[in-house]
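A.B. asks: Below is one structure. I have some questions about it.
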Amino acid sequence: MKKLLAVMINCLSFVSLLGEEITFINADSAQYTKNAVHCTGNVIIVYYGRIISANRISYDKKNELLEAKENVIIKDEKLNTYFMDSLSVNKNFRSGNAKNIKIIMPDKSRLAAKKCILNAGKFELKNAISTPCYECNECNELTWQVKSSTVIFDPEEYIEYKNAELELFGTPIVYLPYLASVSPKVKRKSGFLVPEFSTSNERGLSICPKYLYAISNSQELLLKPIVTSKIGSVGWIYYGVRLPNGEFDIDASMTGTKSVSNFAVSSDFDLKTIEKIKNSGYRGHIFSKIRYEMNDVWRCSSDINLSSDRYYLKRFSFFKVVDRALESNAKLEGFDGENYTSLKTAMFQSEYSENIPRILPVLERNCSLELLNGSCHFDFLFMNLDFNNNRSAQKVISKASWDKKILLPYGNIFNIRGAISFRGLNVSEREKTNYDSFCGAIPLLHCSWQWPLLLSSAWIDTIVTPIVGTIISSNKKYNDIFEDPVYEANNFNLFYENRSVSPYNIDSGKRIYYGLKLAGYDDGESLYRFIIGRSSELTTPPERLESSGLKYKHSNIITTLEVFLSNEFTFVGNGSYSPKEKKLLTLEEGVRFSNKRIDLELLVFNGKQCLFDPFATNASSLTKEQKIQKYKGIMLDIAWHATGTTTLKGSLIIGNEFKNANNLQEKSTNKYKLVRQNIALEWSNECAKIDLMLERRNYSGGDLKPETVFTFLVHLKNLGI
């Protein structure tokens, strides 16, 4: 004990002599003179922010030289760990050399070389090997590694490889005269990202290289041009900036018209679109987003989503999912507790209809408060629409509602809701249409009752909930340009007072609904859920399509069933049965199966869907057949996890052709066709990811043709390739 105390006293004396260069020393023994110290046995020091341990460490203050030998381990401020046989370094690691060095970075990436030279704080490794792979594969080989004649490792910024050879599963696959990647602790750095490769019969070979320019900690510029061998090239950029109280980004592209030199015109509308593109001489898109928090209550935002034509985004496959309706808007919003205020303008581009108007503007105000032990809501809406056919419309809605839930004896639940909506519509247009100006008030009373009952047995617990409700409202004597009169009966709106998609709408007339909910449980786990219901009009119902399920006084019978056969297997089905026709008008059935090896989802569907364009001036001239879209098909998604690193995926959709609203005058076909199919192979481990996908895209219209696409993506950790 006395010996150890003496060593510590000597070491501390040495620290006081050398100042702040060595801040701590621990060793079994230490010998020092006026300008040097020699420590042996479990030596640990902190030298310029680096923790160094070794069996022997010597420091010459006069020459500012530190030498460490035998089991040398260094931990720096960037959390890199260095292992070496010996180290000789001058003040603050500016120069020196090491033998048999191994470097493990914070993300477990590794560098190794027999010889290393330190120059200006950088490690220059000779005949080095680099890999991020922490585990070997089944063949006892690393997934990939880079062998290089020289590797320069800068802990602060980057890693450079000179005369490098990339090996995959022990086999050399590519020679790289120069390669650079960022150090693991670097948050942002300019450089190339993973490029995307694909090939298709329509676009040929397609390459999308990506270069990220890190302008600052809050700004970035991404260059990602698309180069194809058949339909030309596209300039594509992204810029983003983050502000203290908001953000801004823009994604834009532009190309010439080479891509429309060959096209398949399916209608006069497509022909006009193609001619317009050719006359303009370019195609492109711009997506932009602005968000700014003004204070704790108010925020403003703007979205710009524009495309030169409806087919451009799909033609070059910019995004995996493309919205069929693009909205550009500017919005001011205020949040004050449960109260909400919004002022918004918007315009649209849609694949379905060219009649969608511009919103200039819409003002919305929603307030809530507690009143008479219930919830009271006040809603106000003003909307101005500007159409392309010299038509405009203004609408004002002021709606007040109050609802309360009452718990009765024996578990009975009674809900009451009252509402009154004052609304006015002004329509100005050149030609006479179905929509006229009006002004009036519509009251509504909604009452519902339900009684959850628990039926227990030795095998299963069942909760049976009968539901009965009534809705009383005045009959509408007008067509509302803002509301869809083609309601469809389904399990989402059957038990509600508002069957429209608009939250401000109130159904007209008087009706009752009734149904039953069943839920089965076993030891707290769900076994099944079943819903069946129907509604009946108490007054003469308005004219509706038969496919809506609401044409007659008594609606179709709506059912939904979920059966949980196990923790892995689930059956789901819903349907619409017409007692008038004595047949199912809609039937959708599917199964979901998931375990550690297989994820599967299968859906079979067959039914009729109502089509309605609320902004078309001649909507009433469409025949019954043109307002109904029949749909049927099969959808299958499956993923097989063959191993812990390999997954095989497949997707298949077979169905009839689905027409856009612009083509309602065309006859729709009921023939089955292959809508989409793809198969993909994904392989990944801790240091690499490989994605292969073969896809068949059956686009049609304009310059879109069915095409087969093969996509190839390889990502090697840290290299960015």
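Letters A, B, ... go to the chains of the structure tokens in the order shown; residues in each chain start at 1; ligands are counted from 1 in the same order.
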Would you mind listing what lies within 10 Å of Phe348 of chain A as JSON, numbers by chain, with only C-alpha atoms counted and same-chain residues fewer than 5 positions away left out?
C.D. replies: {"A": [305, 306, 325, 326, 327, 328, 329, 353, 354, 355, 356, 357, 358, 359]}
A.B. asks: Write out as a VMD selection string all residues of segment 552-708 of chain A that DSSP puts in helix (DSSP H, G or I) for this structure's backbone.
C.D. replies: chain A and resid 619 to 621 625 to 627 661 to 663
A.B. asks: When you count only C-alpha atoms, which of these residues is closest to Asn656 of chain A: A:Ile73, A:Ile231, A:Cys208, A:Ile634?
C.D. replies: A:Ile634
A.B. asks: What's the 8 Å shell around Leu243 of chain A, counting only C-alpha atoms, without same-chain residues fewer than 4 positions away, as a PyMOL selection string?
C.D. replies: chain A and resi 218+247-248
A.B. asks: Env of His715 of chain A: 10 Å cut, atoms = only C-alpha atoms, seq-sep filter 3 positions within chain, self excluded. Answer as an MDAnalysis selection string.
C.D. replies: chainID A and resid 193:195 684 687:691 718:721
A.B. asks: Could you turn the residues from that selection into a file that holds C-alpha atoms, as a PDB file, in the first residue's frame?
C.D. replies:
```pdb
ATOM      1  CA  LEU A 193     -25.210   9.341 -52.341  1.00  0.00           C
ATOM      2  CA  VAL A 194     -26.517   5.951 -53.416  1.00  0.00           C
ATOM      3  CA  PRO A 195     -27.401   6.089 -57.148  1.00  0.00           C
ATOM      4  CA  SER A 684     -29.405  -6.904 -45.912  1.00  0.00           C
ATOM      5  CA  CYS A 687     -23.080  -3.519 -43.379  1.00  0.00           C
ATOM      6  CA  ALA A 688     -24.808  -3.922 -46.759  1.00  0.00           C
ATOM      7  CA  LYS A 689     -28.198  -3.849 -48.462  1.00  0.00           C
ATOM      8  CA  ILE A 690     -29.142  -5.147 -51.916  1.00  0.00           C
ATOM      9  CA  ASP A 691     -32.575  -4.576 -53.498  1.00  0.00           C
ATOM     10  CA  ASN A 718     -20.329   4.221 -45.053  1.00  0.00           C
ATOM     11  CA  LEU A 719     -19.288   4.125 -48.731  1.00  0.00           C
ATOM     12  CA  GLY A 720     -22.633   5.431 -50.014  1.00  0.00           C
ATOM     13  CA  ILE A 721     -22.568   3.231 -53.127  1.00  0.00           C
TER      14      ILE A 721
END
```
A.B. asks: For Gln450 of chain A, which of A:Thr341, A:Thr462, A:Asn412, A:Asn97 is the closest residue, counting only C-alpha atoms?
C.D. replies: A:Asn412
A.B. asks: Have a look at A:Glu707, A:Glu682, A:Asp336, A:Glu588 and name the one nearest to Lys608 of chain A; count only C-alpha atoms.
C.D. replies: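 Of the candidates, the smallest distance to Lys608 of chain A is held by A:Glu588.
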A.B. asks: For Ile103 of chain A, find every residue with an atom within 6 Å (counting only C-alpha atoms), except residues of its own chain fewer than 3 positions away, and show them as a PyMOL selection string.
C.D. replies: chain A and resi 81-82+110-111
A.B. asks: Report, in Å to a single decimal, how far apart atom CA of Thr150 of chain A and atom CA of Lys122 of chain A are.
C.D. replies: 12.4 Å
